[in-house]
$ cat work00.txt   # compact mmCIF, C-alpha atoms and all ligand atoms
# COMPACT_ATOMS: atom_id res chain seq x y z
CA MET A 1 124.58 97.78 80.82
CA LYS A 2 123.71 94.11 81.40
CA LYS A 3 125.17 92.23 84.32
CA TYR A 4 125.86 88.54 83.68
CA LEU A 5 126.51 85.76 86.14
CA VAL A 6 128.39 83.12 84.16
CA THR A 7 129.05 79.91 86.07
CA GLY A 8 131.83 77.56 85.00
CA GLY A 9 133.54 80.39 83.12
CA ALA A 10 137.00 78.99 83.82
CA GLY A 11 136.10 75.91 81.77
CA PHE A 12 136.03 75.39 78.01
CA ILE A 13 132.70 76.77 76.76
CA GLY A 14 132.18 79.23 79.63
CA ARG A 15 135.50 80.98 79.00
CA ASN A 16 134.80 81.15 75.27
CA PHE A 17 131.39 82.66 76.06
CA ILE A 18 132.90 85.37 78.30
CA SER A 19 135.49 86.15 75.61
CA TYR A 20 132.66 86.32 73.04
CA LEU A 21 130.64 88.71 75.25
CA PHE A 22 133.55 91.13 75.74
CA LYS A 23 134.43 91.07 72.02
CA LYS A 24 130.83 91.78 71.05
CA TYR A 25 129.63 94.14 73.78
CA ASP A 26 132.93 95.48 75.15
CA ARG A 27 132.12 97.83 78.05
CA ALA A 28 128.35 97.41 77.77
CA VAL A 29 128.46 94.20 79.82
CA LYS A 30 129.65 93.24 83.27
CA VAL A 31 130.48 89.60 83.94
CA ILE A 32 130.88 87.76 87.21
CA ASN A 33 132.38 84.31 86.72
CA LEU A 34 131.57 81.89 89.55
CA ASP A 35 133.78 78.83 89.20
CA LYS A 36 135.00 76.24 91.69
CA LEU A 37 138.19 75.60 89.71
CA THR A 38 137.82 71.83 89.65
CA TYR A 39 140.35 69.84 87.61
CA ALA A 40 138.61 71.27 84.50
CA GLY A 41 138.62 74.91 85.64
CA ASN A 42 141.80 76.72 84.74
CA PRO A 43 142.94 80.25 85.67
CA ASP A 44 144.92 80.32 82.39
CA ASN A 45 141.59 80.28 80.57
CA MET A 46 140.79 83.72 81.99
CA LEU A 47 144.10 85.44 81.11
CA GLU A 48 142.53 87.22 78.11
CA PHE A 49 139.97 89.14 80.20
CA LYS A 50 140.96 88.80 83.85
CA ASP A 51 142.18 92.40 84.17
CA ARG A 52 139.16 94.06 82.57
CA PRO A 53 137.28 96.31 84.99
CA GLU A 54 134.03 94.76 83.70
CA PHE A 55 135.13 91.29 84.84
CA GLU A 56 135.09 89.72 88.28
CA PHE A 57 136.14 86.21 89.21
CA VAL A 58 134.65 84.52 92.26
CA LYS A 59 136.21 81.18 93.17
CA GLY A 60 133.38 79.16 94.64
CA ASP A 61 130.90 76.34 94.35
CA ILE A 62 127.45 76.73 92.77
CA CYS A 63 126.22 74.36 95.51
CA ASP A 64 127.12 76.97 98.14
CA ALA A 65 123.73 78.67 98.66
CA ALA A 66 125.08 81.40 100.95
CA LEU A 67 127.68 82.41 98.38
CA VAL A 68 125.25 82.27 95.45
CA GLU A 69 122.69 84.37 97.35
CA LYS A 70 125.39 86.96 98.03
CA ILE A 71 126.33 87.21 94.35
CA MET A 72 122.85 87.13 92.78
CA PRO A 73 121.41 90.59 93.71
CA GLY A 74 121.77 92.94 90.71
CA ILE A 75 122.37 90.14 88.18
CA ASP A 76 120.29 90.48 84.98
CA ILE A 77 121.27 87.29 83.16
CA VAL A 78 122.44 83.94 84.53
CA VAL A 79 124.15 81.49 82.17
CA ASN A 80 124.79 78.19 83.93
CA PHE A 81 127.68 76.32 82.32
CA ALA A 82 129.09 74.94 85.59
CA ALA A 83 128.98 71.17 85.54
CA GLU A 84 130.96 68.03 85.72
CA SER A 85 131.06 67.42 81.97
CA HIS A 86 132.99 64.27 81.08
CA VAL A 87 131.01 61.07 80.44
CA ASP A 88 133.95 58.74 81.24
CA ARG A 89 134.49 60.36 84.64
CA SER A 90 130.76 60.05 85.40
CA ILE A 91 131.08 56.29 84.93
CA GLY A 92 133.99 56.05 87.39
CA SER A 93 132.72 58.49 90.03
CA PRO A 94 129.23 59.92 89.55
CA ASP A 95 128.93 61.69 92.95
CA ASP A 96 130.09 65.13 91.85
CA PHE A 97 127.86 64.97 88.78
CA ILE A 98 124.80 64.57 90.94
CA LYS A 99 125.92 67.30 93.33
CA THR A 100 127.01 69.95 90.85
CA ASP A 101 124.86 69.26 87.82
CA ILE A 102 121.59 68.83 89.73
CA PHE A 103 121.89 70.35 93.21
CA GLY A 104 124.08 73.21 91.95
CA ALA A 105 121.51 74.08 89.30
CA PHE A 106 118.82 74.06 92.00
CA VAL A 107 120.81 76.50 94.18
CA LEU A 108 121.20 78.88 91.23
CA LEU A 109 117.52 78.63 90.26
CA GLU A 110 116.42 79.37 93.83
CA ALA A 111 118.63 82.45 94.11
CA ALA A 112 117.60 83.64 90.64
CA ARG A 113 113.93 83.31 91.58
CA LYS A 114 114.35 85.30 94.79
CA ASN A 115 116.17 88.06 92.93
CA ASN A 116 113.85 88.28 89.89
CA VAL A 117 116.56 87.85 87.27
CA GLU A 118 115.65 88.85 83.72
CA LYS A 119 116.87 85.57 82.13
CA PHE A 120 118.17 82.20 83.26
CA ILE A 121 119.90 80.11 80.61
CA GLN A 122 120.36 76.48 81.57
CA ILE A 123 123.07 74.95 79.39
CA SER A 124 121.80 71.42 78.89
CA THR A 125 123.07 68.96 76.27
CA ASP A 126 121.94 66.85 73.32
CA GLU A 127 122.92 63.80 75.42
CA VAL A 128 119.73 64.11 77.48
CA TYR A 129 117.79 62.49 74.61
CA GLY A 130 120.05 59.43 74.52
CA SER A 131 121.14 57.70 71.34
CA ILE A 132 119.27 57.66 68.01
CA ILE A 133 120.04 55.37 65.08
CA LYS A 134 118.13 57.23 62.36
CA GLY A 135 116.66 60.74 62.20
CA SER A 136 117.14 63.53 64.73
CA PHE A 137 115.59 64.42 68.08
CA LYS A 138 113.14 67.31 68.33
CA GLU A 139 112.76 69.34 71.52
CA THR A 140 109.49 67.55 72.25
CA ASP A 141 111.02 64.06 72.18
CA THR A 142 111.28 61.90 75.29
CA LEU A 143 114.45 62.12 77.35
CA GLU A 144 116.30 58.81 77.71
CA PRO A 145 119.70 59.73 79.14
CA SER A 146 121.98 56.77 79.53
CA SER A 147 125.07 57.84 81.50
CA PRO A 148 125.26 59.32 85.00
CA TYR A 149 126.46 62.52 83.26
CA SER A 150 123.52 62.81 80.87
CA ALA A 151 121.04 61.71 83.54
CA SER A 152 122.25 64.45 85.89
CA LYS A 153 122.04 67.00 83.06
CA ALA A 154 118.49 65.82 82.30
CA GLY A 155 117.61 66.34 85.97
CA ALA A 156 118.82 69.93 85.88
CA ASP A 157 117.15 70.53 82.50
CA ARG A 158 113.73 69.48 83.87
CA LEU A 159 114.27 71.28 87.18
CA ALA A 160 114.96 74.50 85.28
CA TYR A 161 111.74 73.98 83.31
CA SER A 162 109.81 73.46 86.55
CA TYR A 163 110.98 76.89 87.77
CA PHE A 164 109.46 78.43 84.65
CA VAL A 165 106.13 76.63 85.07
CA THR A 166 105.84 76.94 88.84
CA PHE A 167 107.50 80.29 89.56
CA GLN A 168 107.47 81.97 86.11
CA LEU A 169 111.25 82.27 86.26
CA PRO A 170 112.28 83.33 82.73
CA VAL A 171 114.20 80.16 81.91
CA ILE A 172 115.53 79.07 78.53
CA ILE A 173 117.05 75.61 78.10
CA THR A 174 119.61 74.88 75.40
CA ARG A 175 120.60 71.40 74.23
CA CYS A 176 123.76 71.61 72.18
CA SER A 177 125.75 68.96 70.37
CA ASN A 178 129.49 68.23 70.78
CA ASN A 179 131.68 71.35 70.89
CA PHE A 180 135.25 71.68 69.70
CA GLY A 181 137.67 74.61 69.69
CA PRO A 182 140.43 76.29 71.71
CA PHE A 183 140.77 75.76 75.47
CA GLN A 184 138.97 72.39 75.59
CA TYR A 185 140.29 70.29 78.44
CA PRO A 186 142.38 67.58 76.73
CA GLU A 187 140.29 64.64 77.93
CA LYS A 188 137.60 64.99 75.22
CA LEU A 189 137.87 63.27 71.82
CA ILE A 190 139.16 66.15 69.68
CA SER A 191 141.35 67.95 72.23
CA LEU A 192 142.86 64.65 73.45
CA PHE A 193 143.52 63.26 69.98
CA VAL A 194 144.98 66.50 68.59
CA THR A 195 147.36 66.94 71.53
CA ASN A 196 148.33 63.25 71.58
CA ALA A 197 148.98 63.30 67.83
CA ILE A 198 151.16 66.42 68.10
CA GLU A 199 153.33 64.46 70.55
CA ASN A 200 153.28 61.29 68.39
CA LYS A 201 151.30 59.45 71.06
CA THR A 202 148.59 56.91 70.28
CA LEU A 203 144.93 57.90 69.82
CA PRO A 204 142.71 55.56 71.90
CA ILE A 205 139.58 54.82 69.84
CA TYR A 206 136.73 53.26 71.80
CA GLY A 207 135.18 50.16 70.20
CA LYS A 208 135.25 50.28 66.40
CA GLY A 209 135.21 54.07 66.12
CA GLU A 210 131.86 53.97 64.35
CA ASN A 211 129.95 56.08 66.90
CA VAL A 212 128.60 59.33 65.50
CA ARG A 213 128.58 62.82 67.02
CA ASP A 214 127.42 66.15 65.57
CA TRP A 215 130.22 68.70 65.97
CA ILE A 216 129.83 72.44 66.44
CA TYR A 217 132.57 75.06 66.73
CA VAL A 218 132.47 76.51 70.24
CA LEU A 219 132.04 80.12 69.06
CA ASP A 220 128.95 79.11 67.11
CA HIS A 221 127.54 77.65 70.34
CA CYS A 222 128.35 80.93 72.15
CA ASP A 223 126.74 82.93 69.35
CA ALA A 224 123.58 80.79 69.56
CA ILE A 225 123.33 81.32 73.32
CA ASP A 226 123.68 85.09 72.88
CA PHE A 227 121.06 84.97 70.11
CA LEU A 228 118.65 83.09 72.38
CA ILE A 229 119.16 85.54 75.24
CA GLN A 230 117.88 88.21 72.85
CA ALA A 231 115.35 86.30 70.73
CA GLY A 232 114.43 83.11 72.61
CA GLU A 233 111.08 82.61 74.27
CA ASN A 234 110.92 81.96 78.00
CA GLY A 235 110.03 78.41 79.01
CA GLN A 236 111.29 77.02 75.70
CA ILE A 237 113.92 74.44 74.88
CA TYR A 238 116.21 74.98 71.90
CA ASN A 239 118.40 72.35 70.26
CA ILE A 240 121.70 73.74 68.96
CA GLY A 241 123.80 71.79 66.47
CA GLY A 242 126.50 72.30 63.87
CA GLY A 243 125.05 69.92 61.28
CA ASN A 244 128.42 68.15 61.07
CA GLU A 245 127.84 64.49 61.86
CA ARG A 246 131.03 62.44 61.75
CA THR A 247 132.10 59.03 63.00
CA ASN A 248 134.90 59.07 65.55
CA LEU A 249 137.09 57.40 62.92
CA GLU A 250 136.42 60.22 60.45
CA ILE A 251 137.41 62.75 63.12
CA THR A 252 140.56 60.74 63.92
CA ASP A 253 141.59 60.51 60.25
CA LEU A 254 141.00 64.24 59.74
CA ILE A 255 143.25 65.06 62.72
CA LEU A 256 146.01 62.71 61.52
CA GLU A 257 145.85 64.05 57.95
CA THR A 258 145.88 67.69 59.03
CA LEU A 259 148.88 67.12 61.27
CA ASN A 260 150.54 64.87 58.70
CA LYS A 261 150.84 62.03 61.19
CA PRO A 262 150.78 58.26 60.43
CA ALA A 263 147.64 56.10 60.64
CA GLY A 264 149.69 53.83 62.91
CA LEU A 265 148.92 56.19 65.80
CA LYS A 266 145.35 54.83 65.85
CA LYS A 267 144.84 52.38 68.70
CA TYR A 268 141.57 50.52 69.22
CA VAL A 269 140.80 50.14 72.92
CA GLY A 270 137.90 48.70 74.95
CA ASP A 271 134.54 50.38 74.49
CA ARG A 272 132.99 52.93 76.87
CA PRO A 273 130.32 51.19 79.03
CA GLY A 274 126.86 52.18 77.79
CA HIS A 275 128.44 54.02 74.84
CA ASP A 276 125.70 55.98 73.04
CA PHE A 277 125.96 55.15 69.33
CA ARG A 278 124.74 58.38 67.75
CA TYR A 279 123.58 61.82 68.85
CA SER A 280 121.59 63.96 66.46
CA VAL A 281 119.42 66.99 67.08
CA ASP A 282 116.86 68.62 64.81
CA THR A 283 117.69 72.35 64.88
CA GLU A 284 114.70 73.56 62.85
CA LYS A 285 113.20 75.46 65.82
CA LEU A 286 116.33 77.60 66.24
CA ARG A 287 116.80 78.06 62.49
CA ARG A 288 113.20 79.25 62.17
CA LEU A 289 114.00 81.97 64.72
CA GLY A 290 116.78 83.10 62.38
CA TRP A 291 120.02 81.53 63.69
CA THR A 292 122.47 79.36 61.76
CA PRO A 293 126.09 78.39 62.51
CA LYS A 294 128.67 80.69 60.89
CA HIS A 295 131.75 78.48 60.86
CA GLU A 296 132.50 75.88 58.21
CA PHE A 297 133.50 72.59 59.87
CA THR A 298 136.80 71.76 58.09
CA GLU A 299 138.10 75.32 58.39
CA ALA A 300 137.16 75.52 62.06
CA MET A 301 138.87 72.17 62.66
CA GLU A 302 142.03 73.40 60.92
CA GLU A 303 142.02 76.57 63.02
CA THR A 304 141.46 74.54 66.17
CA ILE A 305 144.31 72.14 65.39
CA GLU A 306 146.54 75.12 64.65
CA TRP A 307 145.57 76.68 68.01
CA TYR A 308 146.68 73.53 69.87
CA ASN A 309 149.89 73.52 67.81
CA GLN A 310 150.62 77.14 68.77
CA ASN A 311 149.55 76.83 72.41
CA SER A 312 151.30 73.75 73.69
CA TRP A 313 152.20 75.75 76.84
CA TRP A 314 148.48 75.65 77.70
CA TRP A 315 147.85 71.91 77.34
CA LYS A 316 151.28 70.62 78.34
CA LYS A 317 150.77 72.19 81.75
CA ILE A 318 147.45 70.30 82.05
CA LYS A 319 148.72 67.00 80.66
CA SER A 320 151.06 66.46 83.58
CA GLY A 321 150.44 65.77 87.28
CA ASP A 322 146.93 64.52 88.06
CA PHE A 323 146.04 64.15 84.40
CA LEU A 324 148.65 61.39 84.03
CA LYS A 325 147.00 59.45 86.85
CA TYR A 326 143.59 59.88 85.22
CA TYR A 327 144.97 58.77 81.84
CA LYS A 328 146.58 55.64 83.27
CA GLN A 329 143.40 54.66 85.05
CA GLN A 330 141.14 55.42 82.08
CA TYR A 331 143.27 53.90 79.31
CA GLN A 332 145.25 51.29 81.30
CA THR A 333 148.46 52.66 79.83
CA GLU A 334 150.94 55.46 80.45
CA LEU A 335 150.49 58.60 78.36
P1 LIG B 401 134.26 71.95 81.34
O1 LIG B 401 134.37 70.69 82.11
O2 LIG B 401 135.37 72.35 80.43
O3 LIG B 401 134.05 73.17 82.36
C1 LIG B 401 133.23 73.09 83.49
C2 LIG B 401 133.55 74.25 84.41
O4 LIG B 401 132.65 74.21 85.52
C3 LIG B 401 134.99 74.20 85.00
O5 LIG B 401 135.59 75.46 84.92
C4 LIG B 401 134.75 73.79 86.44
O6 LIG B 401 135.74 74.28 87.34
C5 LIG B 401 133.38 74.40 86.73
N1 LIG B 401 132.67 73.72 87.82
C6 LIG B 401 132.50 72.38 87.99
N2 LIG B 401 131.82 72.15 89.14
C7 LIG B 401 131.54 73.37 89.69
C8 LIG B 401 130.85 73.79 90.85
N3 LIG B 401 130.31 72.90 91.70
N4 LIG B 401 130.75 75.11 91.09
C9 LIG B 401 131.31 76.02 90.26
N5 LIG B 401 131.99 75.67 89.14
C10 LIG B 401 132.10 74.38 88.86
O7 LIG B 401 132.88 71.85 80.58
P2 LIG B 401 132.44 72.42 79.14
O8 LIG B 401 132.77 71.44 78.10
O9 LIG B 401 132.88 73.82 79.02
O10 LIG B 401 130.84 72.40 79.31
C11 LIG B 401 130.16 73.50 79.85
C12 LIG B 401 128.68 73.21 79.93
O11 LIG B 401 128.18 72.93 78.63
C13 LIG B 401 128.34 72.00 80.79
O12 LIG B 401 127.15 72.29 81.49
C14 LIG B 401 128.08 70.89 79.78
O13 LIG B 401 127.18 69.94 80.29
C15 LIG B 401 127.51 71.68 78.63
N6 LIG B 401 127.71 71.10 77.29
C16 LIG B 401 128.95 70.78 76.87
C17 LIG B 401 129.14 70.30 75.58
C18 LIG B 401 130.51 69.94 75.07
O14 LIG B 401 130.62 69.41 73.97
N7 LIG B 401 131.58 70.22 75.78
C19 LIG B 401 128.03 70.14 74.73
C20 LIG B 401 126.75 70.47 75.20
C21 LIG B 401 126.61 70.97 76.48
O1 LIG B 402 139.58 58.66 74.20
C1 LIG B 402 138.46 58.70 73.65
N1 LIG B 402 138.19 57.82 72.65
C2 LIG B 402 137.00 57.78 72.00
O2 LIG B 402 136.80 56.97 71.10
C3 LIG B 402 137.44 59.66 74.02
C4 LIG B 402 137.70 60.66 75.11
C5 LIG B 402 136.24 59.61 73.36
N2 LIG B 402 136.00 58.69 72.40
C6 LIG B 402 134.68 58.67 71.72
C7 LIG B 402 133.49 58.57 72.67
C8 LIG B 402 132.42 59.32 71.91
O3 LIG B 402 131.79 58.46 70.98
O4 LIG B 402 134.53 59.93 71.07
C9 LIG B 402 133.18 60.39 71.15
C10 LIG B 402 133.16 61.76 71.83
O5 LIG B 402 133.55 61.55 73.18
P1 LIG B 402 133.71 62.79 74.20
O6 LIG B 402 134.62 63.81 73.61
O7 LIG B 402 134.02 62.24 75.53
O8 LIG B 402 132.25 63.44 74.14
P2 LIG B 402 130.78 62.84 74.42
O9 LIG B 402 130.85 61.66 75.28
O10 LIG B 402 130.09 62.72 73.10
O11 LIG B 402 130.17 64.07 75.28
C11 LIG B 402 130.43 65.44 74.87
O12 LIG B 402 129.36 65.99 74.16
C12 LIG B 402 128.20 66.38 74.84
C13 LIG B 402 130.76 66.33 76.07
O13 LIG B 402 131.82 65.74 76.81
C14 LIG B 402 129.57 66.57 76.94
O14 LIG B 402 129.91 67.46 77.99
C15 LIG B 402 128.47 67.18 76.10
O15 LIG B 402 127.30 67.29 76.85

$ encode --input "work00.txt" --output "structure tokens" --more "lines below"
Ligand code: NAD
Ligand code: TDX
Amino acid sequence: MKKYLVTGGAGFIGRNFISYLFKKYDRAVKVINLDKLTYAGNPDNMLEFKDRPEFEFVKGDICDAALVEKIMPGIDIVVNFAAESHVDRSIGSPDDFIKTDIFGAFVLLEAARKNNVEKFIQISTDEVYGSIIKGSFKETDTLEPSSPYSASKAGADRLAYSYFVTFQLPVIITRCSNNFGPFQYPEKLISLFVTNAIENKTLPIYGKGENVRDWIYVLDHCDAIDFLIQAGENGQIYNIGGGNERTNLEITDLILETLNKPAGLKKYVGDRPGHDFRYSVDTEKLRRLGWTPKHEFTEAMEETIEWYNQNSWWWKKIKSGDFLKYYKQQYQTEL
């Protein structure tokens, strides 16, 4: 029986990871989810597993050292997903990114060290490398983060590494590319565009739409994390990617075609300040260990779009209230 502390498990990837763990290990795992329930944390995301006896939800902040120290004893594996995660919000108000993404990670690392946890997985991101025009970043490449979000993630990434070197804390750092799938807060490219298109609302494309991202289905990301908990080497960094590089325009067209919506919904808007042109990670190190993604991109996109079609109750609830204020401020237009 392994006892996990998953942070940020009421958010997109964290909730998919908890769901993955219960589907795979059933009663052989216990999971505590520590989540502050920020705007991105959603109790609806936990409906699937909230009543399981193996699951416990603690509403709280990873920056709260007293709380974290209370939870940590008896934990075998920490997986730190908790973060402020949206680049656009980090441009408008970076404070919480610095607090949660860096200081929060520090609080968790300290408590993990004192309690001799078996594994500490720091969920970093491919954005820590910055943009690359040609080729792909290897784990040994220099970090050149360019937004307050990616810079705060780079801080936590290196801090986690320092706990391995200095204190021999069994840390593994993962740097994954852009995720898509069910339960993604509808402020990110795919979840926003799919839900806007379903409602015949415009799709705000930054700049010319030529920026490139590598997309991975969220359950492949979860599977890679689980694989690394078993097979990864402590103190190592692992890039995780789907191998599906697409321009934002290609993604937009795919969404419109799948939903049978007109190209007229595309709306070119001002560019994101400091907009990274392309992210690309070399995943050879992880592949050599024996892991590859299992989901084919187009099929996973179709399934994802269908999920948003079938679960409008989930995103319509979100895309009201505060979200409308955010949208107006971000896009200078009503949703
Ligand atoms: P998300 O914004 O959907 O979820 C973040 C969760 O963290 C929310 O439930 C929120 O309530 C919680 N949280 C925020 N601040 C907290 C705090 N101080 N204490 C406790 N909980 C707090 O994010 P996501 O897309 O699921 O990303 C999860 C992690 O994966 C992040 O660390 C992100 O940097 C990383 N990541 C994301 C992607 C991606 O494409 N989404 C890719 C690579 C890495
Ligand atoms: O309205 C939009 N219009 C648009 O053109 C939005 C929200 C995005 N975009 C563009 C910006 C990017 O080039 O789409 C691309 C993807 O944007 P996001 O979905 O905001 O993702 P990105 O900035 O690439 O960051 C994501 O991937 C890495 C996650 O949000 C991070 O948490 C993760 O670390």

$ atom_distance --input "work00.txt" --atom1 "atom C6 of ligand LIG 402 (chain B)" --atom2 "atom CA of Asn311 of chain A"
23.5 Å

$ residues_near_ligand --input "work00.txt" --ligand "ligand LIG 402 (chain B)" --cutoff "7 Å" --atoms "only C-alpha atoms and all ligand atoms" --output "VMD selection string"
chain A and resid 85 to 88 125 to 127 177 to 179 187 to 190 192 203 to 206 209 211 to 213 248 275 to 277

$ residues_around --input "work00.txt" --residues "segment 21-31 of chain A" --least-positions-apart "5" --cutoff "12 Å" --atoms "all atoms listed in the file" --output "ChimeraX atom specification"
/A:1-7,9,14-16,48-50,52-58,71-72,74-79,219,222-223,225-227,229

$ residues_around --input "work00.txt" --residues "Asp61 of chain A" --least-positions-apart "5" --cutoff "9 Å" --atoms "only C-alpha atoms" --output "VMD selection string"
chain A and resid 34 to 37 67 to 68 100 104

$ closest_residue --input "work00.txt" --among "A:Lys70, A:Arg287, A:Arg158, A:Lys59" --to "Lys114 of chain A" --atoms "only C-alpha atoms"
A:Lys70

$ closest_residue --input "work00.txt" --among "A:Ala83, A:Ala111, A:Ala65, A:Ile240" --to "Glu284 of chain A" --atoms "only C-alpha atoms"
A:Ile240

$ atom_distance --input "work00.txt" --atom1 "atom C15 of ligand LIG 401 (chain B)" --atom2 "atom CA of Gly8 of chain A"
9.7 Å

$ axis_aligned_box --input "work00.txt" --around "ligand LIG 401 (chain B)" --padding-each-side "6 Å" --output "JSON"
{"center_x": 131.2, "center_y": 72.7, "center_z": 82.8, "size_x": 21.1, "size_y": 18.6, "size_z": 29.7}

$ residues_near_point --input "work00.txt" --point "(138.8, 77.6, 67.5)" --cutoff "8 Å" --atoms "all atoms listed in the file" --output "JSON list (two decimals) with C-alpha atoms, keeping the file's coordinate frame"
[["chain", "number", "residue", "atom", "x", "y", "z"],
["A", 180, "PHE", "CA", 135.25, 71.68, 69.70],
["A", 181, "GLY", "CA", 137.67, 74.61, 69.69],
["A", 182, "PRO", "CA", 140.43, 76.29, 71.71],
["A", 217, "TYR", "CA", 132.57, 75.06, 66.73],
["A", 218, "VAL", "CA", 132.47, 76.51, 70.24],
["A", 219, "LEU", "CA", 132.04, 80.12, 69.06],
["A", 300, "ALA", "CA", 137.16, 75.52, 62.06],
["A", 301, "MET", "CA", 138.87, 72.17, 62.66],
["A", 303, "GLU", "CA", 142.02, 76.57, 63.02],
["A", 304, "THR", "CA", 141.46, 74.54, 66.17],
["A", 307, "TRP", "CA", 145.57, 76.68, 68.01]]

$ atom_distance --input "work00.txt" --atom1 "atom CA of Glu118 of chain A" --atom2 "atom C20 of ligand LIG 401 (chain B)"
23.1 Å

$ closest_residue --input "work00.txt" --among "A:Glu296, A:Arg272, A:Asn200, A:Ala40" --to "Asn244 of chain A" --atoms "all atoms listed in the file"
A:Glu296

$ residues_around --input "work00.txt" --residues "Asp157 of chain A" --least-positions-apart "3" --cutoff "7 Å" --atoms "all atoms listed in the file" --output "PyMOL selection string"
chain A and resi 122+124+153-154+160-161+173

$ write_last_selection --input "work00.txt" --atoms "C-alpha atoms" --output "PDB file, keeping the file's coordinate frame"
ATOM      1  CA  GLN A 122     120.360  76.480  81.570  1.00  0.00           C
ATOM      2  CA  SER A 124     121.800  71.420  78.890  1.00  0.00           C
ATOM      3  CA  LYS A 153     122.040  67.000  83.060  1.00  0.00           C
ATOM      4  CA  ALA A 154     118.490  65.820  82.300  1.00  0.00           C
ATOM      5  CA  ALA A 160     114.960  74.500  85.280  1.00  0.00           C
ATOM      6  CA  TYR A 161     111.740  73.980  83.310  1.00  0.00           C
ATOM      7  CA  ILE A 173     117.050  75.610  78.100  1.00  0.00           C
TER       8      ILE A 173
END

$ decode --input "work00.txt" --residues "segment 100-112 of chain A" --atoms "N, CA, C and O atoms" --output "tab-separated table (two decimals), in the first residue's frame"
chain	number	residue	atom	x	y	z
A	100	THR	N	3.28	30.55	-4.87
A	100	THR	CA	2.91	29.12	-4.92
A	100	THR	C	3.98	28.28	-5.62
A	100	THR	O	4.42	27.26	-5.10
A	101	ASP	N	4.38	28.74	-6.81
A	101	ASP	CA	5.23	27.87	-7.63
A	101	ASP	C	6.62	27.71	-7.02
A	101	ASP	O	7.21	26.62	-7.11
A	102	ILE	N	7.14	28.76	-6.38
A	102	ILE	CA	8.48	28.65	-5.80
A	102	ILE	C	8.41	28.38	-4.30
A	102	ILE	O	8.87	27.33	-3.83
A	103	PHE	N	7.79	29.29	-3.54
A	103	PHE	CA	7.80	29.12	-2.08
A	103	PHE	C	7.01	27.86	-1.69
A	103	PHE	O	7.43	27.10	-0.80
A	104	GLY	N	5.91	27.62	-2.36
A	104	GLY	CA	5.11	26.41	-2.06
A	104	GLY	C	5.92	25.14	-2.28
A	104	GLY	O	5.88	24.20	-1.48
A	105	ALA	N	6.68	25.11	-3.36
A	105	ALA	CA	7.52	23.94	-3.64
A	105	ALA	C	8.56	23.77	-2.53
A	105	ALA	O	8.83	22.65	-2.06
A	106	PHE	N	9.11	24.88	-2.07
A	106	PHE	CA	10.10	24.86	-0.98
A	106	PHE	C	9.50	24.26	0.29
A	106	PHE	O	10.11	23.40	0.94
A	107	VAL	N	8.28	24.69	0.63
A	107	VAL	CA	7.61	24.17	1.84
A	107	VAL	C	7.44	22.65	1.73
A	107	VAL	O	7.71	21.90	2.68
A	108	LEU	N	7.03	22.19	0.57
A	108	LEU	CA	6.83	20.74	0.37
A	108	LEU	C	8.15	19.98	0.45
A	108	LEU	O	8.24	18.92	1.08
A	109	LEU	N	9.18	20.54	-0.16
A	109	LEU	CA	10.50	19.89	-0.16
A	109	LEU	C	11.04	19.76	1.27
A	109	LEU	O	11.57	18.72	1.67
A	110	GLU	N	10.88	20.84	2.05
A	110	GLU	CA	11.35	20.83	3.44
A	110	GLU	C	10.66	19.74	4.26
A	110	GLU	O	11.30	18.97	4.96
A	111	ALA	N	9.33	19.70	4.13
A	111	ALA	CA	8.57	18.70	4.90
A	111	ALA	C	8.90	17.29	4.42
A	111	ALA	O	9.00	16.36	5.23
A	112	ALA	N	9.09	17.13	3.12
A	112	ALA	CA	9.42	15.81	2.57
A	112	ALA	C	10.78	15.34	3.09
A	112	ALA	O	10.98	14.18	3.46
